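Take a look at the structure below.
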Amino acid sequence: MINLLSILGFGQEASWQMVGKIDRKATSVYLDQLNNVYVAQRGELVKLDEKGKELTRYSNKMIGEDVHLDVMNPMKVLVFSAEQMRLIFLDSRMSELRDEINLYNEGYEQISLAATSHSNGFWLYDPISFRLIRYDQFFKKERESLNIAQLLRVEFYPTDLMEVDNKLYLTDPKHGVYVFDVFGNYVKKIPLKEIETLRIANNRLFFERGEKVYSLHLIDSSEEWVNLSEPLGQSWDINRTQICSAKEKGIFIFKPKP
């Protein structure tokens with residue numbers, strides 16, 4: 001069982017320091033495994049290197065406030081609009097890999113979440129049937145889970161979905177983070193509530209509580225307080241070596257202290 005008292009102040013401490021700043025305003029940022037920063041703004045996605053140099057950009061009128069990016073695979077970036085029920089896949093140059101996918105045309109009434117998966121596949125979450133659905137790289141439906149709400153016997157309203165290291169994570173802020181295998185089978189529940197956005201790196205789940213950042217080790221359940229030299233902004237992301245954070249004065253880059 002996770003010791004929440006440890007999370008609240010009795011865990012270990014990891015210190016991170018600000019190492020750089022990108023002079024660009026952003027309300028939504030994402031960080032891939034190559035330290036590239038993606039800025040989502042209305043009608044456009046901009047890709048920057050860690051120094052702030054613009055590498056490329058992608059324009060599409062479907063990109064609005066509700067757009068979600070999954071940059072776990074920098075060679076195949078997923079762009080999802082739940083409001084418009086559309087999926088786009090972009091290569092490393094931010095060019096479309098295929099025509100955008102209209103999920104209404106694929107027979108769905110509603111899809112609320114999407115995430116990249118291993119072998120260039122992807123996951124969808126259908127809130128009407130309460131099922132996880134996996135597609136392969138050719139948009140062929142491979143499998144789907146059981147009805148999760150019935151399986152877990154809870155009212156289920158997940159807010160984020162992420163596949164990392166052959167595990168699929170689905171978070172419901174009211175109940176916790178649920179873990180599934182790559183076949184969509186339920187494995188376990190991590191009883192951390194109030195997590196709306198999943199941020200996982202180095203076998204750790206990073207989350208905010210009381211205006212502080214903590215990490216939970218997914219193997220041994222040990223906790224750390226992430227001591228940052230500057231407070232995080234409203235939007236932030238993490239990879240194996242860095243944190244990027246969007247604030248009014250720009251985008252700030254953090255790395256662990258040596």
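Naming scheme: A, B, ... for chains in displayed order of the structure tokens; residues 1 onward per chain; ligands 1 onward as shown.
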**OP:** Tell me which protein, DNA and RNA residues are within 12 Å of Pro258 of chain A, counting only C-alpha atoms, leaving out same-chain ones fewer than 3 positions away, and put them as a count of residues only.
**Re:** 6
Subject >> Residue set, segment 35-235 of chain A restricted to helix (DSSP H, G or I), as a PyMOL selection string >> reply: chain A and resi 118-120+148-152
Convert the current residue selection to file output with C-alpha atoms, as a short mmCIF file (atom, residue, chain, number, x, y, z; two decimals), in the first residue's frame.
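Listed below is the output, part.cif:
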data_model
loop_
_atom_site.label_atom_id
_atom_site.label_comp_id
_atom_site.auth_asym_id
_atom_site.auth_seq_id
_atom_site.Cartn_x
_atom_site.Cartn_y
_atom_site.Cartn_z
CA HIS A 118 4.05 0.15 -29.14
CA SER A 119 4.76 -1.00 -32.72
CA ASN A 120 3.30 2.28 -34.07
CA ILE A 148 -13.98 -0.99 -17.26
CA ALA A 149 -16.77 0.61 -15.23
CA GLN A 150 -18.39 -2.80 -14.70
CA LEU A 151 -15.03 -4.46 -14.04
CA LEU A 152 -13.99 -1.94 -11.40
#
Subject >> Surrounding residues of segment 248-251 of chain A excluding itself and chain neighbours under 6 positions, 8 Å, only C-alpha atoms, as a list in words >> reply: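 Once the adjacent positions are removed, what remains is Lys21, Ile22, Asp23, Arg24, Lys25 and Ala26 of chain A.
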Residues from the last selection, C-alpha atoms, saved as a PDB file, in the first residue's frame:
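Saved to selection_35.pdb:
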ATOM      1  CA  LYS A  21      14.700  29.591 -20.615  1.00  0.00           C
ATOM      2  CA  ILE A  22      12.953  29.879 -23.978  1.00  0.00           C
ATOM      3  CA  ASP A  23      11.575  33.345 -24.615  1.00  0.00           C
ATOM      4  CA  ARG A  24       8.234  32.264 -26.014  1.00  0.00           C
ATOM      5  CA  LYS A  25       4.820  32.527 -24.425  1.00  0.00           C
ATOM      6  CA  ALA A  26       2.898  29.278 -24.315  1.00  0.00           C
TER       7      ALA A  26
END
Original post:
Within 8 Å of Val29 of chain A, counting only C-alpha atoms, which residues qualify if same-chain residues fewer than 5 places away don't, as a list of chain:residue names?
Top reply: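 My reading of the contact set: A:Val37, A:Tyr38, A:Val39, A:Ala40, A:Ser235, A:Trp236, A:Asp237, A:Cys244, A:Ser245, A:Ala246.
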**OP:** Record the distance separating atom CA of Ile238 of chain A and atom CA of Phe207 of chain A, expressed in Å with one decimal.
**Re:**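 Interatomic distance, atom CA of Ile238 of chain A to atom CA of Phe207 of chain A: 10.8 Å.
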